file upload17.cif (mmCIF, C-alpha atoms)
data_query
#
loop_
_atom_site.group_PDB
_atom_site.id
_atom_site.type_symbol
_atom_site.label_atom_id
_atom_site.label_comp_id
_atom_site.auth_asym_id
_atom_site.auth_seq_id
_atom_site.Cartn_x
_atom_site.Cartn_y
_atom_site.Cartn_z
ATOM 1 C CA MET O 77 19.420 11.061 6.357
ATOM 2 C CA GLY O 78 23.052 11.253 7.409
ATOM 3 C CA GLY O 79 24.452 9.886 4.152
ATOM 4 C CA THR O 80 26.461 11.254 1.220
ATOM 5 C CA ILE O 81 26.014 11.523 -2.547
ATOM 6 C CA THR O 82 29.017 11.982 -4.847
ATOM 7 C CA VAL O 83 29.383 12.078 -8.622
ATOM 8 C CA ASP O 84 32.368 11.499 -10.879
ATOM 9 C CA SER O 85 31.584 12.552 -14.448
ATOM 10 C CA GLU O 86 33.681 12.656 -17.596
ATOM 11 C CA GLU O 87 32.417 13.915 -20.946
ATOM 12 C CA TYR O 88 31.872 11.209 -23.584
ATOM 13 C CA LYS O 89 32.621 8.481 -21.022
ATOM 14 C CA GLY O 90 29.787 8.724 -18.524
ATOM 15 C CA SER O 91 28.997 9.400 -14.881
ATOM 16 C CA GLU O 92 29.311 7.409 -11.697
ATOM 17 C CA PHE O 93 27.038 8.240 -8.762
ATOM 18 C CA ILE O 94 27.804 6.889 -5.295
ATOM 19 C CA VAL O 95 25.245 7.039 -2.507
ATOM 20 C CA THR O 96 26.205 5.934 1.000
ATOM 21 C CA PHE O 97 24.057 5.433 4.098
ATOM 22 C CA ARG O 98 24.525 4.016 7.556
ATOM 23 C CA PHE O 99 21.860 1.422 8.310
ATOM 24 C CA ARG O 100 20.782 0.125 11.680
ATOM 25 C CA VAL O 101 21.132 -3.569 12.433
ATOM 26 C CA ALA O 102 17.781 -5.273 12.969
ATOM 27 C CA ASP O 103 17.079 -6.537 16.486
ATOM 28 C CA SER O 104 15.635 -9.814 15.180
ATOM 29 C CA PRO O 105 15.838 -11.929 11.987
ATOM 30 C CA ALA O 106 13.740 -10.714 9.062
ATOM 31 C CA LYS O 107 10.311 -12.298 8.844
ATOM 32 C CA SER O 108 9.591 -14.638 5.951
ATOM 33 C CA GLN O 109 7.891 -12.799 3.104
ATOM 34 C CA ARG O 110 6.291 -15.960 1.691
ATOM 35 C CA LEU O 111 2.540 -15.929 1.343
ATOM 36 C CA ASP O 112 1.490 -19.467 2.207
ATOM 37 C CA GLN O 113 -1.890 -19.201 0.462
ATOM 38 C CA LEU O 114 -0.171 -18.439 -2.877
ATOM 39 C CA ALA O 115 3.086 -20.366 -2.428
ATOM 40 C CA ASP O 116 3.889 -22.790 -5.285
ATOM 41 C CA LEU O 117 1.007 -21.424 -7.394
ATOM 42 C CA ARG O 118 1.428 -19.783 -10.793
ATOM 43 C CA ALA O 119 1.219 -16.094 -11.696
ATOM 44 C CA LEU O 120 1.369 -14.206 -14.994
ATOM 45 C CA VAL O 121 2.938 -10.751 -15.313
ATOM 46 C CA VAL O 122 1.964 -8.676 -18.359
ATOM 47 C CA ASP O 123 3.804 -5.417 -19.097
ATOM 48 C CA ASP O 124 5.309 -3.979 -22.267
ATOM 49 C CA ASP O 125 8.432 -3.024 -20.271
ATOM 50 C CA VAL O 126 10.752 -6.017 -19.837
ATOM 51 C CA ASN O 127 12.421 -4.562 -16.743
ATOM 52 C CA THR O 128 9.058 -4.234 -15.001
ATOM 53 C CA CYS O 129 8.204 -7.837 -15.870
ATOM 54 C CA ILE O 130 11.481 -9.061 -14.403
ATOM 55 C CA SER O 131 11.194 -6.862 -11.301
ATOM 56 C CA VAL O 132 7.617 -7.930 -10.491
ATOM 57 C CA SER O 133 8.472 -11.567 -11.218
ATOM 58 C CA LYS O 134 11.288 -11.431 -8.653
ATOM 59 C CA MET O 135 8.900 -9.957 -6.061
ATOM 60 C CA LEU O 136 6.359 -12.703 -6.646
ATOM 61 C CA SER O 137 9.097 -15.326 -6.452
ATOM 62 C CA VAL O 138 9.901 -14.093 -2.934
ATOM 63 C CA ILE O 139 6.233 -14.671 -2.049
ATOM 64 C CA GLY O 140 6.742 -18.238 -3.293
ATOM 65 C CA MET O 141 4.930 -18.161 -6.638
ATOM 66 C CA HIS O 142 6.036 -19.631 -9.981
ATOM 67 C CA LEU O 143 6.199 -16.983 -12.696
ATOM 68 C CA ASP O 144 5.542 -16.494 -16.377
ATOM 69 C CA TRP O 145 5.686 -13.083 -18.028
ATOM 70 C CA THR O 146 5.012 -11.498 -21.387
ATOM 71 C CA THR O 147 5.139 -8.049 -22.959
ATOM 72 C CA LEU O 148 2.053 -8.594 -25.138
ATOM 73 C CA GLY O 149 -1.623 -8.692 -24.215
ATOM 74 C CA LYS O 150 -2.459 -11.147 -26.991
ATOM 75 C CA GLU O 151 0.210 -13.550 -25.784
ATOM 76 C CA ALA O 152 -1.201 -13.250 -22.233
ATOM 77 C CA LEU O 153 -4.552 -14.523 -23.537
ATOM 78 C CA ILE O 154 -2.892 -17.449 -25.296
ATOM 79 C CA ARG O 155 -0.911 -18.322 -22.156
ATOM 80 C CA THR O 156 -4.108 -18.149 -20.065
ATOM 81 C CA GLU O 157 -5.982 -20.557 -22.336
ATOM 82 C CA PHE O 158 -2.992 -22.926 -22.572
ATOM 83 C CA ALA O 159 -2.577 -22.943 -18.765
ATOM 84 C CA LEU O 160 -6.214 -23.974 -18.389
ATOM 85 C CA ASP O 161 -5.845 -26.705 -21.005
ATOM 86 C CA GLN O 162 -2.876 -28.085 -19.062
ATOM 87 C CA ASN O 163 -4.890 -27.933 -15.824
ATOM 88 C CA GLU O 164 -2.293 -25.539 -14.379
ATOM 89 C CA PRO O 165 -4.214 -22.235 -14.271
ATOM 90 C CA TYR O 166 -2.708 -18.987 -13.087
ATOM 91 C CA SER O 167 -3.683 -18.010 -9.551
ATOM 92 C CA ALA O 168 -2.861 -14.300 -9.967
ATOM 93 C CA TYR O 169 -2.383 -11.784 -12.770
ATOM 94 C CA ILE O 170 -0.346 -8.562 -12.637
ATOM 95 C CA ILE O 171 -1.187 -6.464 -15.712
ATOM 96 C CA ASP O 172 0.013 -3.061 -16.911
ATOM 97 C CA TRP O 173 -2.735 -0.559 -17.681
ATOM 98 C CA LEU O 174 -1.223 0.977 -20.848
ATOM 99 C CA MET O 175 0.235 -1.395 -23.455
ATOM 100 C CA PRO O 176 0.635 -0.860 -27.208
ATOM 101 C CA ASP O 177 -1.293 -3.868 -28.508
ATOM 102 C CA MET O 178 -4.126 -3.945 -25.953
ATOM 103 C CA ASN O 179 -4.847 -1.827 -22.876
ATOM 104 C CA GLY O 180 -4.954 -3.551 -19.515
ATOM 105 C CA ILE O 181 -8.696 -3.089 -18.937
ATOM 106 C CA GLU O 182 -9.607 -4.752 -22.227
ATOM 107 C CA LEU O 183 -7.149 -7.563 -21.504
ATOM 108 C CA VAL O 184 -8.745 -8.141 -18.089
ATOM 109 C CA ARG O 185 -12.189 -8.212 -19.704
ATOM 110 C CA ARG O 186 -11.063 -10.941 -22.118
ATOM 111 C CA ILE O 187 -9.221 -12.932 -19.456
ATOM 112 C CA ARG O 188 -12.314 -12.924 -17.214
ATOM 113 C CA LYS O 189 -14.239 -14.640 -19.992
ATOM 114 C CA VAL O 190 -11.782 -17.523 -19.713
ATOM 115 C CA ILE O 191 -11.028 -17.817 -15.973
ATOM 116 C CA ARG O 192 -13.034 -17.882 -12.740
ATOM 117 C CA ASP O 193 -14.039 -14.639 -11.062
ATOM 118 C CA THR O 194 -12.126 -15.258 -7.828
ATOM 119 C CA THR O 195 -8.660 -15.118 -9.391
ATOM 120 C CA PRO O 196 -7.009 -11.813 -8.371
ATOM 121 C CA ILE O 197 -6.095 -9.479 -11.232
ATOM 122 C CA ILE O 198 -4.046 -6.418 -10.309
ATOM 123 C CA ILE O 199 -3.557 -3.456 -12.626
ATOM 124 C CA LEU O 200 -0.203 -1.627 -12.563
ATOM 125 C CA THR O 201 -0.230 2.067 -13.396
ATOM 126 C CA ALA O 202 1.867 5.192 -12.963
ATOM 127 C CA TYR O 203 -1.250 7.358 -13.341
ATOM 128 C CA ASP O 204 -4.271 8.279 -11.243
ATOM 129 C CA TRP O 205 -6.849 5.527 -11.773
ATOM 130 C CA ALA O 206 -9.866 7.351 -10.317
ATOM 131 C CA ASP O 207 -11.400 8.003 -13.751
ATOM 132 C CA ILE O 208 -11.220 4.348 -14.821
ATOM 133 C CA GLU O 209 -11.817 2.625 -11.484
ATOM 134 C CA GLU O 210 -15.508 1.898 -12.043
ATOM 135 C CA GLU O 211 -14.936 0.587 -15.586
ATOM 136 C CA ALA O 212 -11.992 -1.491 -14.361
ATOM 137 C CA LYS O 213 -13.968 -3.170 -11.584
ATOM 138 C CA GLU O 214 -16.794 -3.957 -13.998
ATOM 139 C CA ALA O 215 -14.198 -5.559 -16.278
ATOM 140 C CA GLY O 216 -12.981 -7.734 -13.395
ATOM 141 C CA VAL O 217 -10.017 -5.852 -11.907
ATOM 142 C CA THR O 218 -9.425 -6.800 -8.275
ATOM 143 C CA ALA O 219 -7.107 -3.953 -7.257
ATOM 144 C CA PHE O 220 -4.664 -1.311 -8.482
ATOM 145 C CA CYS O 221 -0.964 -1.059 -7.643
ATOM 146 C CA PRO O 222 0.932 2.184 -8.334
ATOM 147 C CA LYS O 223 4.252 2.458 -10.128
ATOM 148 C CA PRO O 224 7.009 2.551 -9.016
ATOM 149 C CA ILE O 225 6.169 -0.809 -7.449
ATOM 150 C CA PHE O 226 7.148 -1.570 -3.875
ATOM 151 C CA PHE O 227 7.236 -5.157 -2.665
ATOM 152 C CA SER O 228 5.330 -4.375 0.545
ATOM 153 C CA GLU O 229 2.419 -2.820 -1.376
ATOM 154 C CA LEU O 230 2.211 -5.640 -3.927
ATOM 155 C CA ARG O 231 2.362 -8.314 -1.233
ATOM 156 C CA GLY O 232 -0.210 -6.435 0.844
ATOM 157 C CA ILE O 233 -2.678 -6.327 -2.048
ATOM 158 C CA LEU O 234 -2.275 -10.050 -2.742
ATOM 159 C CA ALA O 235 -2.565 -10.907 0.963
ATOM 160 C CA ALA O 236 -5.619 -8.706 1.618
ATOM 161 C CA PRO O 237 -8.328 -11.262 0.640
ATOM 162 C CA TYR O 238 -6.802 -13.899 2.925
ATOM 163 C CA ILE O 239 -6.505 -11.468 5.840
ATOM 164 C CA GLU O 240 -10.187 -10.606 5.376
ATOM 165 C CA GLN O 241 -11.093 -14.310 5.375
ATOM 166 C CA GLU O 242 -9.115 -14.906 8.570
ATOM 167 C CA ASN O 243 -10.677 -11.887 10.253
ATOM 168 C CA SER O 244 -14.189 -12.900 9.192
ATOM 169 C CA GLY O 245 -13.650 -16.339 10.713
ATOM 170 C CA GLU O 246 -12.651 -15.028 14.132
ATOM 171 C CA THR O 247 -15.724 -15.318 16.345
ATOM 172 C CA ASP O 248 -14.149 -16.003 19.747
ATOM 173 C CA THR O 249 -13.878 -12.332 20.704
ATOM 174 C CA PRO O 250 -16.397 -9.541 20.085
ATOM 175 C CA GLU O 251 -15.626 -7.183 17.244
ATOM 176 C CA LEU O 252 -14.380 -3.762 18.255
ATOM 177 C CA ARG O 253 -16.695 -0.967 17.146
ATOM 178 C CA PHE O 254 -16.096 2.782 17.049
ATOM 179 C CA ASP O 255 -19.406 3.872 15.539
ATOM 180 C CA GLY O 256 -19.673 7.602 14.960
ATOM 181 C CA MET O 257 -16.155 8.484 16.159
ATOM 182 C CA LYS O 258 -14.293 10.715 13.727
ATOM 183 C CA ILE O 259 -10.667 10.397 12.616
ATOM 184 C CA LEU O 260 -8.530 12.793 10.586
ATOM 185 C CA LEU O 261 -6.417 10.473 8.415
ATOM 186 C CA VAL O 262 -3.232 12.215 7.219
ATOM 187 C CA GLU O 263 -1.530 10.206 4.449
ATOM 188 C CA ASP O 264 0.078 11.372 1.189
ATOM 189 C CA ASN O 265 0.026 7.977 -0.574
ATOM 190 C CA GLU O 266 -3.333 7.508 -2.265
ATOM 191 C CA LEU O 267 -3.332 3.700 -2.066
ATOM 192 C CA ASN O 268 -2.291 3.659 1.601
ATOM 193 C CA GLN O 269 -4.943 6.271 2.319
ATOM 194 C CA GLU O 270 -7.629 4.174 0.628
ATOM 195 C CA ILE O 271 -6.605 0.993 2.478
ATOM 196 C CA ALA O 272 -6.517 2.711 5.887
ATOM 197 C CA GLN O 273 -9.844 4.434 5.242
ATOM 198 C CA THR O 274 -11.511 1.128 4.345
ATOM 199 C CA ILE O 275 -10.150 -0.572 7.476
ATOM 200 C CA LEU O 276 -11.321 2.271 9.723
ATOM 201 C CA GLU O 277 -14.751 2.665 8.146
ATOM 202 C CA ASN O 278 -15.357 -1.071 8.560
ATOM 203 C CA VAL O 279 -15.291 -0.636 12.355
ATOM 204 C CA GLY O 280 -17.533 2.427 12.370
ATOM 205 C CA PHE O 281 -15.158 5.395 12.164
ATOM 206 C CA VAL O 282 -16.118 8.461 10.143
ATOM 207 C CA ILE O 283 -13.032 9.481 8.147
ATOM 208 C CA ASP O 284 -11.810 12.865 6.960
ATOM 209 C CA THR O 285 -8.575 12.802 4.927
ATOM 210 C CA ALA O 286 -5.619 15.124 4.408
ATOM 211 C CA ASP O 287 -2.694 14.436 2.076
ATOM 212 C CA ASP O 288 -0.031 16.471 3.908
ATOM 213 C CA GLY O 289 0.848 17.802 7.341
ATOM 214 C CA THR O 290 0.106 21.372 6.257
ATOM 215 C CA VAL O 291 -3.438 20.383 5.275
ATOM 216 C CA ALA O 292 -3.907 18.626 8.616
ATOM 217 C CA VAL O 293 -2.771 21.701 10.550
ATOM 218 C CA ASP O 294 -5.076 23.979 8.538
ATOM 219 C CA ARG O 295 -7.978 21.559 9.083
ATOM 220 C CA MET O 296 -7.393 21.596 12.841
ATOM 221 C CA LYS O 297 -7.301 25.400 12.880
ATOM 222 C CA GLU O 298 -10.468 25.748 10.788
ATOM 223 C CA MET O 299 -12.701 23.073 12.336
ATOM 224 C CA PRO O 300 -14.436 23.543 15.712
ATOM 225 C CA ALA O 301 -12.802 21.936 18.743
ATOM 226 C CA GLY O 302 -13.991 18.378 19.220
ATOM 227 C CA THR O 303 -14.630 17.744 15.508
ATOM 228 C CA TYR O 304 -12.130 14.867 15.507
ATOM 229 C CA ASP O 305 -11.604 12.225 18.175
ATOM 230 C CA LEU O 306 -8.125 11.289 16.923
ATOM 231 C CA ILE O 307 -5.553 12.006 14.204
ATOM 232 C CA LEU O 308 -3.850 9.090 12.424
ATOM 233 C CA MET O 309 -0.682 10.742 11.109
ATOM 234 C CA ASP O 310 1.735 9.482 8.462
ATOM 235 C CA VAL O 311 5.311 10.472 9.285
ATOM 236 C CA GLN O 312 7.008 10.789 5.876
ATOM 237 C CA MET O 313 5.264 13.525 3.852
ATOM 238 C CA PRO O 314 6.796 15.945 1.331
ATOM 239 C CA ILE O 315 5.834 19.441 2.566
ATOM 240 C CA MET O 316 5.335 19.069 6.311
ATOM 241 C CA ASN O 317 6.092 15.691 7.878
ATOM 242 C CA GLY O 318 4.069 14.115 10.656
ATOM 243 C CA TYR O 319 6.427 15.123 13.463
ATOM 244 C CA GLN O 320 6.385 18.775 12.381
ATOM 245 C CA ALA O 321 2.602 18.797 12.010
ATOM 246 C CA THR O 322 2.179 17.262 15.464
ATOM 247 C CA ARG O 323 4.368 19.923 17.078
ATOM 248 C CA VAL O 324 2.342 22.704 15.411
ATOM 249 C CA ILE O 325 -0.950 21.146 16.539
ATOM 250 C CA ARG O 326 0.353 20.731 20.098
ATOM 251 C CA ALA O 327 1.163 24.470 20.127
ATOM 252 C CA LEU O 328 -2.365 25.607 19.149
ATOM 253 C CA ASP O 329 -3.991 28.120 21.509
ATOM 254 C CA ASP O 330 -7.158 26.041 21.846
ATOM 255 C CA SER O 331 -6.275 23.435 24.488
ATOM 256 C CA ILE O 332 -8.918 20.954 23.282
ATOM 257 C CA LYS O 333 -7.448 20.994 19.770
ATOM 258 C CA ALA O 334 -3.881 20.937 21.060
ATOM 259 C CA GLU O 335 -4.493 17.840 23.194
ATOM 260 C CA ILE O 336 -6.177 15.680 20.527
ATOM 261 C CA PRO O 337 -4.761 12.112 20.457
ATOM 262 C CA ILE O 338 -2.301 11.673 17.559
ATOM 263 C CA VAL O 339 -1.032 8.253 16.426
ATOM 264 C CA ALA O 340 1.988 7.937 14.137
ATOM 265 C CA MET O 341 1.529 5.668 11.106
ATOM 266 C CA THR O 342 4.892 4.823 9.569
ATOM 267 C CA ALA O 343 7.109 2.135 8.076
ATOM 268 C CA ASN O 344 9.815 3.173 10.569
ATOM 269 C CA ALA O 345 9.275 0.654 13.353
ATOM 270 C CA PHE O 346 12.488 0.784 15.413
ATOM 271 C CA ASP O 347 12.467 1.746 19.091
ATOM 272 C CA GLU O 348 14.126 5.079 18.315
ATOM 273 C CA ASP O 349 11.355 5.837 15.793
ATOM 274 C CA ARG O 350 8.725 5.226 18.462
ATOM 275 C CA GLN O 351 10.670 7.474 20.821
ATOM 276 C CA GLU O 352 10.842 10.202 18.158
ATOM 277 C CA ALA O 353 7.060 10.015 17.793
ATOM 278 C CA ILE O 354 6.635 10.393 21.553
ATOM 279 C CA ASP O 355 9.121 13.284 21.645
ATOM 280 C CA ALA O 356 7.084 15.052 18.949
ATOM 281 C CA GLY O 357 3.986 14.777 21.131
ATOM 282 C CA MET O 358 2.293 11.732 19.647
ATOM 283 C CA ASN O 359 0.271 9.293 21.745
ATOM 284 C CA GLY O 360 1.020 6.078 19.893
ATOM 285 C CA HIS O 361 2.815 4.406 16.991
ATOM 286 C CA VAL O 362 1.467 1.987 14.350
ATOM 287 C CA ALA O 363 3.847 0.307 11.893
ATOM 288 C CA LYS O 364 3.249 -0.117 8.144
ATOM 289 C CA PRO O 365 2.104 -2.293 6.505
ATOM 290 C CA ILE O 366 -0.858 -1.998 8.846
ATOM 291 C CA ASN O 367 -1.558 -4.902 11.177
ATOM 292 C CA ILE O 368 -5.308 -4.520 11.653
ATOM 293 C CA GLU O 369 -5.401 -6.205 15.064
ATOM 294 C CA LYS O 370 -2.599 -4.029 16.453
ATOM 295 C CA LEU O 371 -4.164 -0.886 14.970
ATOM 296 C CA MET O 372 -7.519 -1.646 16.613
ATOM 297 C CA GLU O 373 -5.873 -2.388 19.972
ATOM 298 C CA THR O 374 -3.912 0.876 19.801
ATOM 299 C CA LEU O 375 -7.028 2.898 18.997
ATOM 300 C CA LYS O 376 -9.012 1.132 21.727
ATOM 301 C CA ASP O 377 -6.348 1.871 24.349
ATOM 302 C CA ILE O 378 -6.105 5.557 23.379
ATOM 303 C CA LEU O 379 -9.813 6.239 22.873
ATOM 304 C CA LYS O 380 -10.929 3.932 25.737
#

call {"tool": "encode", "arguments": {"input": "upload17.cif", "output": "structure tokens"}}
result
Amino acid sequence: MGGTITVDSEEYKGSEFIVTFRFRVADSPAKSQRLDQLADLRALVVDDDVNTCISVSKMLSVIGMHLDWTTLGKEALIRTEFALDQNEPYSAYIIDWLMPDMNGIELVRRIRKVIRDTTPIIILTAYDWADIEEEAKEAGVTAFCPKPIFFSELRGILAAPYIEQENSGETDTPELRFDGMKILLVEDNELNQEIAQTILENVGFVIDTADDGTVAVDRMKEMPAGTYDLILMDVQMPIMNGYQATRVIRALDDSIKAEIPIVAMTANAFDEDRQEAIDAGMNGHVAKPINIEKLMETLKDILK
């Protein structure tokens, strides 16, 4: 990344690590991260780790919410009941899955007995939640957020219901449909993969997934030409990144496979990042977090 890492260490005194990077200057002012639908409303963060509580509380404050936090599930229940008694209910809950006094799923189940069903409750976890997902949703969990927690992911989860409402209310233009078209979605982050898959399936795409560039290349080699109409390719992946995978695919002997449309999907949204995607042989560039309207327009233009 063009930076440096140095360490100065002395026994019995400690170590100092210094990491330096050169950052590009943004072309325009940063967009406000407030979420108007939740601004000035209350949220409760529940995690047995104090640092996590403070970190998540700061993120929610940027969105514009007013925060309370606790490290105990039992205290979270008391705070929930007291907030209702004061006619100042919480409008969102962020709850850790594994806590010593009460696990997150049981806490959600008890909170749902007190509050209305529409209040979002997000479970934080550093583990794969596939085995508990069904039980969690039955208990009243709205969504999962992986640890370590990134602001963009947490904000995206909280904003999702309002984006869906806005999209459902748009009736002026006909909805784009891609029924039966097949996409190979290459994304190593499980949550991002699930979100993108849901968005794409909602407009008719059939989705096949790969969690690394190497898997995508192998899939293209194994499957018959014409199996996929397009590849949606994450750029930052651990084994083979999206640029490398694109170059390998473009070099395949089968011309139909080699010429498949490939769209970069990345948080790197500068002009030079778009140019790097084009230089690698990609046909388009979609920034993260995904703007659904821009994604659909990009796919429409490429797939015609």

call {"tool": "resolve_selection", "arguments": {"input": "upload17.cif", "expression": "the PyMOL selection byres ((chain O and resi 169-179) around 7)", "output": "MDAnalysis selection string"}}
result
chainID O and resid 119:124 148:149 168 180:183 196:201

call {"tool": "residues_around", "arguments": {"input": "upload17.cif", "residues": "Pro222 (chain O)", "least_positions_apart": "6", "cutoff": "10 Å", "atoms": "all atoms listed in the file", "output": "PyMOL selection string"}}
result
chain O and resi 199-205+229-230+265-267

call {"tool": "residues_around", "arguments": {"input": "upload17.cif", "residues": "Phe97 (chain O)", "least_positions_apart": "4", "cutoff": "7 Å", "atoms": "all atoms listed in the file", "output": "PyMOL selection string"}}
result
chain O and resi 78-80

call {"tool": "write_last_selection", "arguments": {"input": "upload17.cif", "atoms": "C-alpha atoms", "output": "CSV table (one decimal), keeping the file's coordinate frame"}}
result
chain,number,residue,atom,x,y,z
O,78,GLY,CA,23.1,11.3,7.4
O,79,GLY,CA,24.5,9.9,4.2
O,80,THR,CA,26.5,11.3,1.2

call {"tool": "resolve_selection", "arguments": {"input": "upload17.cif", "expression": "the PyMOL selection byres ((chain O and resi 368) around 12)", "output": "MDAnalysis selection string"}}
result
chainID O and resid 236 239:240 242:243 252 271:276 278:279 362:367 369:375

call {"tool": "resolve_selection", "arguments": {"input": "upload17.cif", "expression": "the PyMOL selection byres ((chain O and resi 117) around 10)", "output": "tab-separated table (two decimals) with C-alpha atoms, in the coordinates of the input"}}
result
chain	number	residue	atom	x	y	z
O	112	ASP	CA	1.49	-19.47	2.21
O	113	GLN	CA	-1.89	-19.20	0.46
O	114	LEU	CA	-0.17	-18.44	-2.88
O	115	ALA	CA	3.09	-20.37	-2.43
O	116	ASP	CA	3.89	-22.79	-5.28
O	118	ARG	CA	1.43	-19.78	-10.79
O	119	ALA	CA	1.22	-16.09	-11.70
O	140	GLY	CA	6.74	-18.24	-3.29
O	141	MET	CA	4.93	-18.16	-6.64
O	142	HIS	CA	6.04	-19.63	-9.98
O	143	LEU	CA	6.20	-16.98	-12.70
O	164	GLU	CA	-2.29	-25.54	-14.38
O	165	PRO	CA	-4.21	-22.24	-14.27
O	166	TYR	CA	-2.71	-18.99	-13.09
O	167	SER	CA	-3.68	-18.01	-9.55
O	168	ALA	CA	-2.86	-14.30	-9.97

call {"tool": "residues_around", "arguments": {"input": "upload17.cif", "residues": "Ile187 (chain O)", "least_positions_apart": "6", "cutoff": "9 Å", "atoms": "all atoms listed in the file", "output": "list in words"}}
result
Ala152, Leu153, Thr156, Glu157 and Gly216 of chain O

call {"tool": "closest_residue", "arguments": {"input": "upload17.cif", "among": "O:Ser228, O:Thr195, O:Gln162, O:Asn268", "to": "Val138 (chain O)", "atoms": "only C-alpha atoms"}}
result
O:Ser228

call {"tool": "atom_distance", "arguments": {"input": "upload17.cif", "atom1": "CA of Ile307 (chain O)", "atom2": "CA of Ser331 (chain O)"}}
result
15.4 Å

call {"tool": "atom_distance", "arguments": {"input": "upload17.cif", "atom1": "CA of Ile154 (chain O)", "atom2": "CA of Arg192 (chain O)"}}
result
16.1 Å

call {"tool": "closest_residue", "arguments": {"input": "upload17.cif", "among": "O:Thr303, O:Glu263, O:Arg326, O:Ile139", "to": "Ala340 (chain O)", "atoms": "only C-alpha atoms"}}
result
O:Glu263

call {"tool": "closest_residue", "arguments": {"input": "upload17.cif", "among": "O:Leu260, O:Gln312, O:Asn317, O:Met299", "to": "Pro337 (chain O)", "atoms": "all atoms listed in the file"}}
result
O:Leu260

call {"tool": "atom_distance", "arguments": {"input": "upload17.cif", "atom1": "CA of Lys333 (chain O)", "atom2": "CA of Leu379 (chain O)"}}
result
15.3 Å

call {"tool": "residues_around", "arguments": {"input": "upload17.cif", "residues": "Val83 (chain O)", "least_positions_apart": "2", "cutoff": "10 Å", "atoms": "all atoms listed in the file", "output": "PyMOL selection string"}}
result
chain O and resi 81+85-86+91-95

call {"tool": "closest_residue", "arguments": {"input": "upload17.cif", "among": "O:Thr290, O:Gln269, O:Thr342, O:Thr194", "to": "Arg323 (chain O)", "atoms": "all atoms listed in the file"}}
result
O:Thr290

call {"tool": "closest_residue", "arguments": {"input": "upload17.cif", "among": "O:Ile233, O:Met77, O:Ala343, O:Ile191", "to": "Arg98 (chain O)", "atoms": "only C-alpha atoms"}}
result
O:Met77

call {"tool": "axis_aligned_box", "arguments": {"input": "upload17.cif", "around": "region 130-133 of chain O", "padding_each_side": "4 Å", "output": "JSON"}}
result
{"center_x": 9.5, "center_y": -9.2, "center_z": -12.4, "size_x": 11.9, "size_y": 12.7, "size_z": 11.9}
